[in-house]
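Printed here is protein_37.txt (compact mmCIF, C-alpha atoms):
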```txt
# COMPACT_ATOMS: atom_id res chain seq x y z
CA ARG R 19 56.97 3.42 27.78
CA TRP R 20 53.81 1.28 27.95
CA SER R 21 51.68 4.36 28.59
CA THR R 22 53.12 5.95 25.44
CA ILE R 23 52.30 2.86 23.36
CA ILE R 24 48.74 2.70 24.76
CA LEU R 25 48.20 6.41 24.10
CA SER R 26 49.51 6.10 20.53
CA SER R 27 47.22 3.10 19.86
CA PHE R 28 44.25 4.98 21.27
CA LEU R 29 44.95 8.02 19.06
CA MET R 30 45.30 5.79 15.99
CA LEU R 31 41.96 4.11 16.80
CA MET R 32 40.26 7.50 17.21
CA ALA R 33 41.69 8.65 13.88
CA LEU R 34 40.36 5.52 12.18
CA ARG R 35 36.92 6.00 13.77
CA ARG R 36 36.90 9.62 12.60
CA GLN R 37 37.77 8.53 9.06
CA GLN R 38 34.94 5.98 9.10
CA ALA R 39 32.49 8.59 10.39
CA LEU R 40 33.51 11.01 7.66
CA ALA R 41 32.99 8.23 5.12
CA LEU R 42 29.40 7.82 6.34
CA LEU R 43 28.64 11.52 6.10
CA SER R 44 30.52 12.29 2.91
CA ALA R 45 28.71 12.92 -0.35
CA ARG R 46 31.14 10.41 -1.84
CA PRO R 47 32.20 7.09 -0.35
CA VAL R 48 35.68 6.89 1.19
CA CYS R 49 37.49 3.61 0.56
CA LEU R 50 39.41 2.53 3.63
CA ILE R 51 41.03 -0.34 1.79
CA GLY R 52 42.63 -0.25 -1.64
CA GLY R 53 41.65 -2.14 -4.76
CA ALA R 54 38.81 -2.04 -7.28
CA ALA R 55 36.76 -4.66 -5.41
CA ALA R 56 37.01 -2.66 -2.19
CA ALA R 57 36.00 0.53 -4.01
CA ALA R 58 32.98 -1.22 -5.54
CA ALA R 59 31.94 -2.62 -2.17
CA SER R 60 32.39 0.78 -0.55
CA TYR R 61 30.25 2.45 -3.18
CA ALA R 62 27.51 -0.18 -2.81
CA CYS R 63 27.48 0.43 0.94
CA TYR R 64 27.33 4.16 0.32
CA ARG R 65 24.30 3.77 -1.97
CA MET R 66 22.48 1.77 0.68
CA ARG R 67 23.36 4.31 3.39
CA ARG R 68 22.21 7.14 1.13
CA CYS R 69 18.97 5.29 0.47
CA ARG R 70 18.28 4.99 4.19
CA GLN R 71 19.25 8.65 4.77
CA LEU R 72 16.72 9.79 2.16
CA ALA R 73 14.04 7.57 3.69
CA ALA R 74 14.73 8.91 7.18
CA ALA R 75 14.69 12.48 5.89
CA ALA R 76 11.34 11.91 4.20
CA HIS R 77 9.83 10.45 7.36
CA SER R 78 11.21 13.13 9.67
CA ALA R 79 10.06 15.90 7.34
CA ASP R 80 6.38 15.10 7.68
CA SER R 81 4.93 11.94 9.22
CA GLU R 82 1.37 13.28 9.56
CA PRO R 83 -1.19 11.68 7.19
CA LEU R 84 -1.88 13.61 4.00
CA THR R 85 -5.32 14.25 2.54
CA VAL R 86 -5.22 13.23 -1.12
CA LEU R 87 -7.62 12.40 -3.94
CA LEU R 88 -7.87 8.83 -5.22
CA ASN R 89 -9.99 7.72 -8.15
CA TYR R 90 -12.36 4.96 -7.08
CA GLN R 91 -14.60 3.23 -9.61
CA HIS R 92 -18.22 4.09 -10.31
CA GLU R 93 -20.39 1.00 -10.35
CA PRO R 94 -21.69 0.39 -13.90
CA PRO R 95 -25.34 1.01 -14.78
CA ALA R 96 -27.62 -1.84 -15.81
CA GLY R 97 -26.55 -3.43 -19.08
CA LYS R 98 -22.95 -2.24 -18.80
CA ARG R 99 -19.73 -3.79 -17.52
CA THR R 100 -16.68 -2.08 -16.02
CA GLY R 101 -13.50 -2.12 -18.09
CA ARG R 102 -11.77 -0.94 -21.24
CA ASN R 103 -10.56 -2.19 -24.62
CA ILE R 104 -6.80 -2.52 -25.11
CA GLY R 105 -6.00 -1.50 -28.69
CA GLU R 106 -8.00 -1.99 -31.87
CA HIS R 107 -8.90 -5.61 -32.65
CA ALA R 108 -11.78 -8.00 -33.31
CA ASN R 109 -12.28 -8.67 -29.60
CA ILE R 110 -13.64 -5.16 -28.94
CA ALA R 111 -16.49 -5.03 -26.40
CA HIS R 112 -19.04 -2.22 -26.76
CA ASP R 113 -20.69 -2.51 -23.35
CA LEU R 114 -17.69 -1.41 -21.24
CA ILE R 115 -17.67 1.72 -19.12
CA ASP R 116 -14.73 3.17 -17.16
CA SER R 117 -15.97 5.96 -14.88
CA HIS R 118 -14.13 7.21 -11.80
CA GLN R 119 -15.14 9.00 -8.63
CA PRO R 120 -12.40 11.21 -7.07
CA THR R 121 -12.52 10.67 -3.31
CA ARG R 122 -10.58 12.25 -0.44
CA VAL R 123 -8.67 9.75 1.71
CA ARG R 124 -5.99 9.85 4.41
CA MET R 125 -2.60 8.81 3.07
CA ARG R 126 -0.21 7.49 5.71
CA ASP R 127 3.59 7.35 5.65
CA ALA R 128 4.49 3.66 5.41
CA ARG R 129 8.01 4.40 6.61
CA ALA R 130 6.50 4.95 10.06
CA ILE R 131 5.40 1.29 10.28
CA SER R 132 7.14 -2.06 9.78
CA ALA R 133 4.90 -3.63 7.14
CA THR R 134 5.79 -7.09 5.84
CA LEU R 135 4.64 -8.96 2.79
CA VAL R 136 3.52 -11.93 4.90
CA HIS R 137 1.46 -10.04 7.48
CA ASP R 138 0.41 -6.86 5.64
CA GLY R 139 0.58 -7.83 1.98
CA PHE R 140 3.29 -5.26 1.17
CA GLU R 141 6.76 -4.27 2.26
CA LEU R 142 9.71 -2.12 1.24
CA ARG R 143 13.14 -3.68 0.81
CA VAL R 144 16.54 -2.16 0.21
CA ALA R 145 17.57 -3.86 -3.03
CA PRO R 146 20.35 -2.17 -5.01
CA ALA R 147 20.31 -3.06 -8.70
CA PRO R 148 22.38 -1.82 -11.64
CA ALA R 149 20.74 0.37 -14.28
CA VAL R 150 18.96 -1.76 -16.88
CA GLN R 151 18.66 -1.21 -20.63
CA PHE R 152 15.20 -2.68 -21.15
CA ASP R 153 15.78 -3.15 -24.88
CA ASN R 154 18.62 -5.55 -24.05
CA ALA R 155 17.26 -9.08 -23.54
CA GLU R 156 20.29 -10.29 -21.57
CA ALA R 157 20.17 -7.30 -19.20
CA VAL R 158 16.44 -7.85 -18.63
CA ALA R 159 17.04 -11.55 -17.91
CA ARG R 160 19.64 -10.65 -15.26
CA PHE R 161 17.25 -8.10 -13.78
CA TYR R 162 14.49 -10.74 -13.66
CA GLU R 163 16.83 -13.11 -11.84
CA ARG R 164 17.60 -10.49 -9.19
CA THR R 165 13.89 -9.82 -8.79
CA GLN R 166 13.12 -13.51 -8.37
CA GLN R 167 15.73 -13.80 -5.62
CA LEU R 168 14.25 -10.78 -3.87
CA VAL R 169 10.72 -12.21 -3.93
CA GLN R 170 11.89 -15.65 -2.86
CA LYS R 171 13.59 -14.18 0.22
CA ALA R 172 10.44 -12.25 1.13
CA THR R 173 7.99 -15.11 0.60
CA CYS R 174 10.06 -18.23 1.40
CA ALA R 175 8.45 -19.79 -1.69
CA ASP R 176 10.02 -22.89 -3.22
CA ARG R 177 10.51 -21.04 -6.50
CA VAL R 178 9.68 -17.74 -8.17
CA VAL R 179 9.17 -16.98 -11.86
CA THR R 180 9.19 -13.50 -13.38
CA PHE R 181 6.86 -13.39 -16.38
CA ASP R 182 6.70 -9.74 -17.53
CA HIS R 183 7.18 -6.08 -16.66
CA THR R 184 5.82 -2.63 -17.53
CA LEU R 185 7.80 0.59 -17.71
CA ARG R 186 5.88 3.69 -16.62
CA GLU R 187 6.40 7.42 -16.77
CA SER R 188 3.95 9.84 -15.16
CA GLY R 189 2.21 12.04 -17.69
CA GLY R 190 2.02 9.33 -20.36
CA ALA R 191 -1.33 8.94 -22.09
CA SER R 192 -1.41 5.17 -22.66
CA LEU R 193 -1.81 2.91 -19.63
CA ASN R 194 -0.51 -0.15 -21.46
CA ALA R 195 2.87 -0.69 -23.11
CA LEU R 196 2.94 -4.32 -24.16
CA ASP R 197 6.48 -4.51 -25.61
CA GLY R 198 8.32 -4.02 -22.29
CA LYS R 199 10.54 -1.34 -23.88
CA SER R 200 8.34 1.77 -24.17
CA ALA R 201 6.80 3.51 -21.15
CA ALA R 202 3.11 3.59 -20.25
CA GLY R 203 1.52 6.27 -18.07
CA ALA R 204 0.96 5.99 -14.33
CA VAL R 205 -2.33 4.30 -13.37
CA VAL R 206 -4.23 6.82 -11.22
CA ARG R 207 -7.14 4.47 -10.53
CA VAL R 208 -7.76 2.33 -7.45
CA HIS R 209 -7.53 -1.28 -8.58
CA GLY R 210 -6.33 -4.78 -7.83
CA ASP R 211 -4.56 -6.81 -10.49
CA TYR R 212 -6.54 -10.03 -10.02
CA THR R 213 -9.87 -11.35 -8.76
CA PRO R 214 -10.49 -14.75 -7.10
CA GLU R 215 -11.34 -16.08 -10.57
CA SER R 216 -8.65 -14.41 -12.70
CA GLY R 217 -5.72 -15.43 -10.47
CA PRO R 218 -6.09 -19.18 -11.16
CA ARG R 219 -6.88 -18.39 -14.81
CA ARG R 220 -3.60 -16.50 -15.16
CA LEU R 221 -1.74 -19.44 -13.60
CA ARG R 222 -3.21 -21.76 -16.25
CA LEU R 223 -2.20 -19.37 -19.05
CA LEU R 224 1.38 -19.31 -17.76
CA GLN R 225 1.39 -23.11 -17.62
CA GLU R 226 -0.04 -23.43 -21.13
CA SER R 227 2.55 -20.99 -22.50
CA GLY R 228 5.39 -22.98 -20.92
CA ARG R 229 6.51 -20.09 -18.70
CA ILE R 230 6.05 -22.38 -15.70
CA ASP R 231 5.67 -26.17 -15.60
CA ALA R 232 2.27 -27.86 -15.61
CA HIS R 233 2.73 -29.26 -12.10
CA ALA R 234 -0.07 -27.94 -9.87
CA PRO R 235 1.48 -26.03 -6.96
CA ARG R 236 0.24 -26.46 -3.41
CA ARG R 237 -0.01 -22.67 -3.20
CA PHE R 238 0.82 -19.75 -5.48
CA ALA R 239 0.87 -15.97 -5.19
CA PHE R 240 1.34 -13.15 -7.67
CA VAL R 241 3.76 -10.58 -6.24
CA ASN R 242 4.49 -7.27 -7.96
CA VAL R 243 7.82 -5.52 -7.49
CA TRP R 244 7.64 -1.76 -8.08
CA ARG R 245 10.70 0.45 -8.14
CA SER R 246 12.07 3.70 -9.53
CA ILE R 247 14.48 3.51 -12.47
CA ASP R 248 15.71 7.07 -11.95
CA SER R 249 19.11 6.70 -10.28
CA GLU R 250 19.56 10.46 -9.86
CA ARG R 251 16.36 11.58 -8.10
CA PRO R 252 13.80 10.22 -5.65
CA VAL R 253 10.17 9.65 -6.69
CA LEU R 254 8.20 12.88 -6.25
CA SER R 255 5.49 12.81 -8.94
CA ASN R 256 2.72 10.20 -8.81
CA PRO R 257 4.11 7.87 -6.12
CA LEU R 258 2.43 4.51 -5.71
CA ALA R 259 0.02 3.95 -2.80
CA VAL R 260 -1.11 0.59 -1.41
CA CYS R 261 -4.16 -0.21 0.69
CA ALA R 262 -3.94 -2.55 3.67
CA PRO R 263 -6.08 -5.60 2.75
CA ARG R 264 -7.47 -5.85 6.29
CA SER R 265 -9.26 -2.52 5.74
CA VAL R 266 -11.07 -3.51 2.53
CA ASP R 267 -14.45 -5.22 2.37
CA LEU R 268 -14.36 -7.27 -0.85
CA SER R 269 -18.15 -6.99 -1.19
CA ASP R 270 -17.34 -3.47 -2.48
CA ALA R 271 -15.19 -4.89 -5.30
CA TRP R 272 -16.16 -6.30 -8.71
CA PRO R 273 -14.41 -7.30 -11.97
CA TYR R 274 -12.76 -4.72 -14.23
CA LEU R 275 -12.39 -6.27 -17.72
CA MET R 276 -9.51 -5.59 -20.10
CA MET R 277 -10.17 -6.77 -23.65
CA TYR R 278 -6.93 -7.76 -25.39
CA SER R 279 -6.76 -9.19 -28.88
CA ASP R 280 -6.00 -12.68 -27.57
CA ARG R 281 -7.45 -12.78 -24.05
CA VAL R 282 -9.67 -11.06 -21.50
CA GLY R 283 -7.85 -9.72 -18.47
CA GLU R 284 -9.77 -9.27 -15.23
CA ASN R 285 -8.73 -6.76 -12.55
CA TYR R 286 -10.57 -5.76 -9.39
CA ALA R 287 -12.46 -2.44 -9.31
CA LEU R 288 -13.32 -0.88 -5.94
CA SER R 289 -16.16 1.36 -4.82
CA ASN R 290 -15.63 4.31 -2.44
CA ARG R 291 -18.60 3.16 -0.35
CA ARG R 292 -16.35 2.48 2.64
CA SER R 293 -13.33 4.58 1.65
CA GLY R 294 -13.20 6.17 5.12
CA ALA R 295 -12.17 2.78 6.53
CA HIS R 296 -9.47 2.15 3.93
CA GLU R 297 -5.90 2.33 5.26
CA TRP R 298 -3.78 3.83 2.52
CA TYR R 299 0.03 3.94 2.69
CA TYR R 300 2.91 5.15 0.56
CA TYR R 301 6.69 5.33 0.88
CA PRO R 302 7.76 8.97 0.38
CA ARG R 303 10.72 9.76 -1.86
CA MET R 304 11.52 6.21 -2.93
CA VAL R 305 14.92 5.85 -4.57
CA ALA R 306 16.24 3.40 -7.14
CA ASP R 307 17.85 1.21 -4.47
CA GLU R 308 14.45 0.47 -2.91
CA ALA R 309 11.82 -2.01 -4.08
CA LEU R 310 8.16 -2.13 -3.04
CA LEU R 311 6.79 -5.68 -2.99
CA PHE R 312 3.04 -6.25 -2.78
CA LYS R 313 0.72 -9.20 -3.25
CA VAL R 314 -1.96 -8.90 -5.91
CA TYR R 315 -3.26 -12.47 -5.49
CA ASP R 316 -2.63 -15.30 -3.05
CA SER R 317 -4.33 -18.68 -3.33
CA SER R 318 -3.98 -19.10 0.43
CA GLU R 319 -6.84 -17.56 2.40
CA ARG R 320 -4.88 -17.47 5.67
CA GLY R 321 -3.34 -14.03 5.15
CA PRO R 322 -3.56 -10.89 2.97
CA ARG R 323 -4.56 -11.80 -0.58
CA PHE R 324 -5.41 -8.67 -2.61
CA VAL R 325 -3.54 -5.36 -2.28
CA PHE R 326 -5.44 -2.56 -4.02
CA HIS R 327 -3.15 0.19 -5.24
CA SER R 328 -3.02 3.43 -7.21
CA ALA R 329 -0.68 6.22 -8.21
CA PHE R 330 -1.71 9.63 -6.85
CA ASP R 331 -0.79 13.32 -6.86
CA ASP R 332 1.32 14.05 -3.78
CA PRO R 333 0.37 17.54 -2.55
CA THR R 334 3.80 17.93 -0.91
CA ALA R 335 5.69 17.44 -4.20
CA PRO R 336 7.26 20.60 -5.70
CA ALA R 337 5.44 22.01 -8.71
CA ASP R 338 8.48 21.44 -10.92
CA SER R 339 8.98 17.81 -9.89
CA PRO R 340 10.35 15.64 -12.71
CA PRO R 341 8.15 12.86 -14.12
CA ARG R 342 8.24 9.61 -12.19
CA ARG R 343 10.07 6.84 -14.08
CA SER R 344 9.42 3.36 -12.74
CA VAL R 345 9.15 -0.31 -13.56
CA GLU R 346 6.70 -2.84 -12.17
CA VAL R 347 7.84 -6.44 -12.44
CA ARG R 348 5.30 -9.25 -12.19
CA THR R 349 6.26 -12.50 -10.53
CA ILE R 350 4.57 -15.67 -9.40
CA ALA R 351 5.74 -17.38 -6.23
CA LEU R 352 5.12 -21.12 -6.06
CA TRP R 353 5.03 -23.54 -3.17
CA ASP R 354 5.34 -27.17 -4.36
```
Take the structure in this file and express it as structure tokens.
Amino acid sequence: RWSTIILSSFLMLMALRRQQALALLSARPVCLIGGAAAAAASYACYRMRRCRQLAAAAHSADSEPLTVLLNYQHEPPAGKRTGRNIGEHANIAHDLIDSHQPTRVRMRDARAISATLVHDGFELRVAPAPAVQFDNAEAVARFYERTQQLVQKATCADRVVTFDHTLRESGGASLNALDGKSAAGAVVRVHGDYTPESGPRRLRLLQESGRIDAHAPRRFAFVNVWRSIDSERPVLSNPLAVCAPRSVDLSDAWPYLMMYSDRVGENYALSNRRSGAHEWYYYPRMVADEALLFKVYDSSERGPRFVFHSAFDDPTAPADSPPRRSVEVRTIALWD
């Protein structure tokens, strides 16, 4: 009798294990428990599993470095400065030049390493988020809150503030969409978002505008969060690449000016003088449940501070790949 009971229990356990295994492999999640909450939880788990499956497939398909073209900046001739004017306004500068030098580099698969924001300046996190209508202020506010929580976990900062975002779609002509609702084009130029001078200046502007309080933080860092907003397809066209800060000599970098109507923005331009030493990485086939975090300025000099980055043409992408649709969210992490 006892042997019959034990055998029956064993067969029931095997059946349950088989059902769970089928749930993992199924194109649709299988709910093992009833109820709407259980179904929602099951689907969330499925999305995360699917995300990891796509990542593993991308890595296993081809983990050898690619040879790609990146647009580095030409140094300006005497009497000129590097940069561009944003729109038509009275603050137009007539001495700006924006000339690029396409350069072949080795592009590595970042899924093959375990990069972290603290040690490498960038990292990928699984971060499911609902689809956002970016013309809905309440939906954007909720999305900002999720992003702040994500950055706070990665940085261990005392607080994080999200201050703006840019929607992008590859193939777009304009590189700037200032309303947060329309999409700008992908930036296919090697650049950093801040310089040692413009990082503190941006902090002061945020304080003066009331976006953050006037209390001087012990340390602050600008962290960008880049992710796809296409919930149906992975990123194929114009993925984003990041350069390991340890491989960049900042003596090869200089200010790139952006003349707005009300302020002068200052990015970092980079020469290709030592491009052979630059360690470029990208995460193939990113999906909407993944978020790429990278530091664009850190007031602390004890770790990575400036992550240069650029979109690029992936030679492995199919010719009929759909345009990349993405959002980059800008945050500031503060240590009091």
Need the axis-aligned box for region 257-274 of chain R with 5 Å each side, so what are the centre and edges in Å to one decimal, as lines of an AutoDock Vina configuration file?
```
center_x = -7.0
center_y = 0.3
center_z = -4.0
size_x = 32.3
size_y = 25.2
size_z = 30.5
```
Within 10 Å of region 161-185 of chain R, which residues of region 270-331 of chain R show up? Give each one with its shortest atom-to-atom distance in Å (one decimal) and the two atoms involved, counting all atoms listed in the file, rows by chain then rising residue number, as a tab-separated table.
```
residue	atom	partner	partner_atom	distance
R:Ala309	CA	R:Leu168	CA	9.1
R:Leu311	CA	R:Val169	CA	7.7
R:Phe312	CA	R:Val169	CA	9.8
```
Original post:
Is there a way to get, as a ChimeraX atom specification, all residues within 12 Å of the point (-2.5, -4.0, -7.4) in file coordinates, counting all atoms listed in the file?
Top reply: /R:139-140,205-213,240-244,258-263,284-288,310-315,323-329,346-348
**OP:** Take CA of Glu250 (chain R) and CA of Arg186 (chain R) and report the distance between them in Å, one decimal.
**Re:** 16.7 Å
Tell me which protein, DNA and RNA residues are within 8 Å of region 125-138 of chain R, counting all atoms listed in the file, leaving out same-chain ones fewer than 2 positions away, and put them as a PDB file with C-alpha atoms, keeping the file's coordinate frame.
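Below is the file that was written, around-v7.pdb:
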```pdb
ATOM      1  CA  ALA R  73      14.040   7.570   3.690  1.00  0.00           C
ATOM      2  CA  HIS R  77       9.830  10.450   7.360  1.00  0.00           C
ATOM      3  CA  SER R  81       4.930  11.940   9.220  1.00  0.00           C
ATOM      4  CA  GLU R  82       1.370  13.280   9.560  1.00  0.00           C
ATOM      5  CA  PRO R  83      -1.190  11.680   7.190  1.00  0.00           C
ATOM      6  CA  LEU R  84      -1.880  13.610   4.000  1.00  0.00           C
ATOM      7  CA  THR R  85      -5.320  14.250   2.540  1.00  0.00           C
ATOM      8  CA  VAL R  86      -5.220  13.230  -1.120  1.00  0.00           C
ATOM      9  CA  VAL R 123      -8.670   9.750   1.710  1.00  0.00           C
ATOM     10  CA  PHE R 140       3.290  -5.260   1.170  1.00  0.00           C
ATOM     11  CA  GLU R 141       6.760  -4.270   2.260  1.00  0.00           C
ATOM     12  CA  LEU R 142       9.710  -2.120   1.240  1.00  0.00           C
ATOM     13  CA  ALA R 172      10.440 -12.250   1.130  1.00  0.00           C
ATOM     14  CA  THR R 173       7.990 -15.110   0.600  1.00  0.00           C
ATOM     15  CA  ALA R 262      -3.940  -2.550   3.670  1.00  0.00           C
ATOM     16  CA  PRO R 263      -6.080  -5.600   2.750  1.00  0.00           C
ATOM     17  CA  ARG R 264      -7.470  -5.850   6.290  1.00  0.00           C
ATOM     18  CA  GLU R 297      -5.900   2.330   5.260  1.00  0.00           C
ATOM     19  CA  TRP R 298      -3.780   3.830   2.520  1.00  0.00           C
ATOM     20  CA  TYR R 299       0.030   3.940   2.690  1.00  0.00           C
ATOM     21  CA  TYR R 300       2.910   5.150   0.560  1.00  0.00           C
ATOM     22  CA  TYR R 301       6.690   5.330   0.880  1.00  0.00           C
ATOM     23  CA  PRO R 302       7.760   8.970   0.380  1.00  0.00           C
ATOM     24  CA  LEU R 311       6.790  -5.680  -2.990  1.00  0.00           C
ATOM     25  CA  PHE R 312       3.040  -6.250  -2.780  1.00  0.00           C
ATOM     26  CA  LYS R 313       0.720  -9.200  -3.250  1.00  0.00           C
ATOM     27  CA  GLY R 321      -3.340 -14.030   5.150  1.00  0.00           C
ATOM     28  CA  PRO R 322      -3.560 -10.890   2.970  1.00  0.00           C
TER      29      PRO R 322
END
```
**OP:** Tell me, as a ChimeraX atom specification, which residues lie within 9 Å of Pro214 (chain R), counting all atoms listed in the file; anything in the same chain fewer than 4 positions away does not count.
**Re:** /R:218,315-317
Original post:
Quick one: residues within 9 Å of Ser255 (chain R), all atoms listed in the file counted, chain neighbours fewer than 3 positions away excluded, as an MDAnalysis selection string?
Top reply: chainID R and resid 188 330:332 335:336 339:342
**OP:** Can you pull out every residue within 7 Å of Val305 (chain R), counting all atoms listed in the file, but drop anything in the same chain fewer than 4 positions away, and send it as an NGL selection string?
**Re:** :R and (69 or 246 or 251-253)
**OP:** Considering only C-alpha atoms, state which residue in the set R:Ala239, R:Arg303, R:Glu106, R:Thr121 is at the smallest distance from Glu319 (chain R).
**Re:** R:Ala239
Please fill the gaps in region 158-174 of chain R so it has N, CA and C atoms, and write that as a short mmCIF file (atom, residue, chain, number, x, y, z; two decimals), in the coordinates of the input.
```cif
data_model
loop_
_atom_site.label_atom_id
_atom_site.label_comp_id
_atom_site.auth_asym_id
_atom_site.auth_seq_id
_atom_site.Cartn_x
_atom_site.Cartn_y
_atom_site.Cartn_z
N VAL R 158 17.77 -7.62 -19.24
CA VAL R 158 16.44 -7.85 -18.63
C VAL R 158 16.41 -9.21 -17.93
N ALA R 159 17.02 -10.22 -18.53
CA ALA R 159 17.04 -11.55 -17.91
C ALA R 159 17.79 -11.52 -16.58
N ARG R 160 18.90 -10.77 -16.52
CA ARG R 160 19.64 -10.65 -15.26
C ARG R 160 18.82 -9.90 -14.22
N PHE R 161 18.11 -8.87 -14.67
CA PHE R 161 17.25 -8.10 -13.78
C PHE R 161 16.11 -8.97 -13.24
N TYR R 162 15.54 -9.80 -14.09
CA TYR R 162 14.49 -10.74 -13.66
C TYR R 162 15.02 -11.69 -12.60
N GLU R 163 16.24 -12.18 -12.80
CA GLU R 163 16.83 -13.11 -11.84
C GLU R 163 17.00 -12.46 -10.47
N ARG R 164 17.48 -11.22 -10.45
CA ARG R 164 17.60 -10.49 -9.19
C ARG R 164 16.24 -10.33 -8.51
N THR R 165 15.24 -10.02 -9.32
CA THR R 165 13.89 -9.82 -8.79
C THR R 165 13.34 -11.11 -8.20
N GLN R 166 13.58 -12.21 -8.88
CA GLN R 166 13.12 -13.51 -8.37
C GLN R 166 13.76 -13.82 -7.02
N GLN R 167 15.05 -13.55 -6.89
CA GLN R 167 15.73 -13.80 -5.62
C GLN R 167 15.15 -12.94 -4.51
N LEU R 168 14.83 -11.70 -4.84
CA LEU R 168 14.25 -10.78 -3.87
C LEU R 168 12.90 -11.29 -3.37
N VAL R 169 12.05 -11.72 -4.29
CA VAL R 169 10.72 -12.21 -3.93
C VAL R 169 10.81 -13.53 -3.16
N GLN R 170 11.75 -14.37 -3.56
CA GLN R 170 11.89 -15.65 -2.86
C GLN R 170 12.31 -15.45 -1.40
N LYS R 171 13.19 -14.49 -1.16
CA LYS R 171 13.59 -14.18 0.22
C LYS R 171 12.40 -13.67 1.03
N ALA R 172 11.56 -12.86 0.41
CA ALA R 172 10.44 -12.25 1.13
C ALA R 172 9.31 -13.23 1.39
N THR R 173 9.13 -14.21 0.49
CA THR R 173 7.99 -15.11 0.60
C THR R 173 8.34 -16.49 1.15
N CYS R 174 9.62 -16.87 1.06
CA CYS R 174 10.06 -18.23 1.40
C CYS R 174 9.39 -19.26 0.50
#
```
